[in-house]
Amino acid sequence: MALSRAQLLKELVPGLNALFGLEYKTYEDEHKMLFDEDSSEKAFEEEVKLAGFGMAPSKAEGSAISYDQGQEAWVARYQHETIALGFAITEEAIEDQLYDSLSARYTKALARSMAYTKQIKGANIINNGFSTGTGGDGKTLFATDHPLTGGGTISNRPTTGVDLNETALEAAVIAIAAWVDERGLLLAARPRKLVIPPAYMFVAERVLKSPARVSTANNDLNALKTMGMIPEGYGVNHFITDTNSWYLKTDIPNGLKFFQRVAIKTGTEGDFDTGNVRYKARERYSFGWSDPLGVYGSPGST
């Protein structure tokens, strides 16, 4: 439906002083705290996790060496989706000199809607990461039993969800340090950045930046701070829906990824039959994950 004079009567009144409601500031690009960005020139992208070799066994004198078998562990698939939105202005509204005012304001509103949608799409990956959607290994993003090719499982979440505090963060750092690869070899993995909902921003500031331990009478050092265990500090993602959840992005490559297939494009054209002018915005991308060890998460205690 096109924007017509009937919807915008007040804009024709000479005494109009101001128009408002489309100029609010927005939270943009918060997905970049967790997702690594890449470009795509295909209808979809696939990334394959490889399993290396296990420990080398001892070789007895005169005996043959042992041979191991490399293989693919699993495949992560990114299916791009098209996001598009548009609006139109009637010919009569244009004739009554509303074109410049409407096009300037509503093209900004269109850009705002497209940017907001991208943040929701990205945040949904972690918002649903404990319950729905499976990756290449057949598990949800956050699971206690990601299967390993060489046998056994690995966890990127606490067995029981815990709220954000000093003890929980220290336990997460220790758990990440114990991660192994597909064949059971230790990984030199470390957390890089803490990502939280707004409800935790004061907790995160105290836990990561206080020189001494938080909420204790002991005069111990804040080991998380002095050891630089979370070097990039914390960031607030306003699109996280669970106010008790928190996440650590790690230095494991190819974790959470965002593929940009087509960057946002805008277009304008006139419609011959109606005389209306139509505007549209279109973008194509995908969010997902390849290696779940790219992030550690807790759903909180409730």
# chains A, B, ... in the order shown; residues from 1 in each chain; ligands from 1
call {"tool": "select_by_dssp", "arguments": {"residues": "segment 104-294 of chain A", "states": "strand (DSSP E)", "output": "VMD selection string"}}
result
chain A and resid 146 to 147 153 to 154 191 to 196 234 to 236 246 to 250 256 to 270 277 to 289
call {"tool": "residues_around", "arguments": {"residues": "Glu232 of chain A", "least_positions_apart": "5", "cutoff": "10 Å", "atoms": "only C-alpha atoms", "output": "list in words"}}
result
Pro191, Arg192, Lys193, Leu194 and Lys249 of chain A
call {"tool": "select_by_dssp", "arguments": {"residues": "segment 12-159 of chain A", "states": "helix (DSSP H, G or I)", "output": "PyMOL selection string"}}
result
chain A and resi 12+30-33+91-95+99-127
call {"tool": "write_last_selection", "arguments": {"atoms": "C-alpha atoms", "output": "PDB file, in the first residue's frame"}}
result
ATOM      1  CA  LEU A  12      -0.135  19.516   4.238  1.00  0.00           C
ATOM      2  CA  GLU A  30      26.321  -5.702  17.377  1.00  0.00           C
ATOM      3  CA  HIS A  31      26.546  -9.047  15.594  1.00  0.00           C
ATOM      4  CA  LYS A  32      30.216  -8.257  14.910  1.00  0.00           C
ATOM      5  CA  MET A  33      31.065  -8.971  18.561  1.00  0.00           C
ATOM      6  CA  GLU A  91       1.323  10.302  -7.483  1.00  0.00           C
ATOM      7  CA  GLU A  92      -1.029  12.762  -5.773  1.00  0.00           C
ATOM      8  CA  ALA A  93       1.211  13.083  -2.733  1.00  0.00           C
ATOM      9  CA  ILE A  94       4.106  13.832  -5.059  1.00  0.00           C
ATOM     10  CA  GLU A  95       2.058  16.467  -6.875  1.00  0.00           C
ATOM     11  CA  TYR A  99       7.893  13.869  -2.315  1.00  0.00           C
ATOM     12  CA  ASP A 100      11.073  15.359  -0.890  1.00  0.00           C
ATOM     13  CA  SER A 101       9.865  15.192   2.700  1.00  0.00           C
ATOM     14  CA  LEU A 102       8.544  11.651   2.480  1.00  0.00           C
ATOM     15  CA  SER A 103      11.386  10.125   0.459  1.00  0.00           C
ATOM     16  CA  ALA A 104      14.073  11.519   2.769  1.00  0.00           C
ATOM     17  CA  ARG A 105      12.364  10.337   5.944  1.00  0.00           C
ATOM     18  CA  TYR A 106      11.124   6.958   4.830  1.00  0.00           C
ATOM     19  CA  THR A 107      14.306   5.893   3.079  1.00  0.00           C
ATOM     20  CA  LYS A 108      15.976   6.369   6.456  1.00  0.00           C
ATOM     21  CA  ALA A 109      13.219   4.307   8.054  1.00  0.00           C
ATOM     22  CA  LEU A 110      13.759   1.624   5.417  1.00  0.00           C
ATOM     23  CA  ALA A 111      17.480   1.464   6.180  1.00  0.00           C
ATOM     24  CA  ARG A 112      16.695   1.281   9.900  1.00  0.00           C
ATOM     25  CA  SER A 113      14.350  -1.677   9.363  1.00  0.00           C
ATOM     26  CA  MET A 114      16.912  -3.541   7.282  1.00  0.00           C
ATOM     27  CA  ALA A 115      19.678  -2.977   9.848  1.00  0.00           C
ATOM     28  CA  TYR A 116      17.400  -4.023  12.714  1.00  0.00           C
ATOM     29  CA  THR A 117      16.439  -7.223  10.905  1.00  0.00           C
ATOM     30  CA  LYS A 118      20.102  -8.168  10.516  1.00  0.00           C
ATOM     31  CA  GLN A 119      20.694  -7.801  14.252  1.00  0.00           C
ATOM     32  CA  ILE A 120      17.689 -10.017  15.020  1.00  0.00           C
ATOM     33  CA  LYS A 121      18.844 -12.674  12.540  1.00  0.00           C
ATOM     34  CA  GLY A 122      22.314 -12.734  14.066  1.00  0.00           C
ATOM     35  CA  ALA A 123      21.150 -12.758  17.681  1.00  0.00           C
ATOM     36  CA  ASN A 124      18.743 -15.622  16.958  1.00  0.00           C
ATOM     37  CA  ILE A 125      21.729 -17.933  16.449  1.00  0.00           C
ATOM     38  CA  ILE A 126      22.762 -17.577  20.091  1.00  0.00           C
ATOM     39  CA  ASN A 127      19.238 -16.984  21.448  1.00  0.00           C
TER      40      ASN A 127
END
call {"tool": "closest_atom_pairs", "arguments": {"of": "segment 205-290 of chain A", "to": "segment 66-79 of chain A", "cutoff": "9 Å", "atoms": "only C-alpha atoms", "output": "tab-separated table"}}
result
residue	atom	partner	partner_atom	distance
A:Phe258	CA	A:Tyr78	CA	8.9
A:Phe259	CA	A:Tyr78	CA	7.8
A:Tyr285	CA	A:Gln79	CA	8.2
A:Ser286	CA	A:Tyr78	CA	6.1
A:Phe287	CA	A:Tyr78	CA	7.1
A:Gly288	CA	A:Tyr78	CA	6.4
A:Trp289	CA	A:Ala76	CA	7.1
A:Ser290	CA	A:Ala76	CA	5.2
call {"tool": "closest_residue", "arguments": {"among": "A:Gly54, A:Pro231, A:Gly136, A:Pro292", "to": "Gly150 of chain A", "atoms": "only C-alpha atoms"}}
result
A:Gly54
call {"tool": "residues_around", "arguments": {"residues": "segment 208-218 of chain A", "least_positions_apart": "3", "cutoff": "9 Å", "atoms": "only C-alpha atoms", "output": "ChimeraX atom specification"}}
result
/A:165-166,203-205,221-226,230,233-234
call {"tool": "closest_residue", "arguments": {"among": "A:Met201, A:Leu34, A:Ile83, A:Leu164", "to": "Arg284 of chain A", "atoms": "only C-alpha atoms"}}
result
A:Ile83
call {"tool": "residues_around", "arguments": {"residues": "Thr250 of chain A", "least_positions_apart": "3", "cutoff": "12 Å", "atoms": "only C-alpha atoms", "output": "VMD selection string"}}
result
chain A and resid 33 to 36 156 172 to 173 175 to 177 179 187 to 195 229 to 232 247 253 to 256 291 to 297
call {"tool": "closest_residue", "arguments": {"among": "A:Ala168, A:Gly129, A:Leu85, A:Pro198", "to": "Ile264 of chain A", "atoms": "only C-alpha atoms"}}
result
A:Leu85
call {"tool": "closest_residue", "arguments": {"among": "A:Tyr279, A:Phe272, A:Phe44, A:Trp246", "to": "Ser301 of chain A", "atoms": "only C-alpha atoms"}}
result
A:Trp246
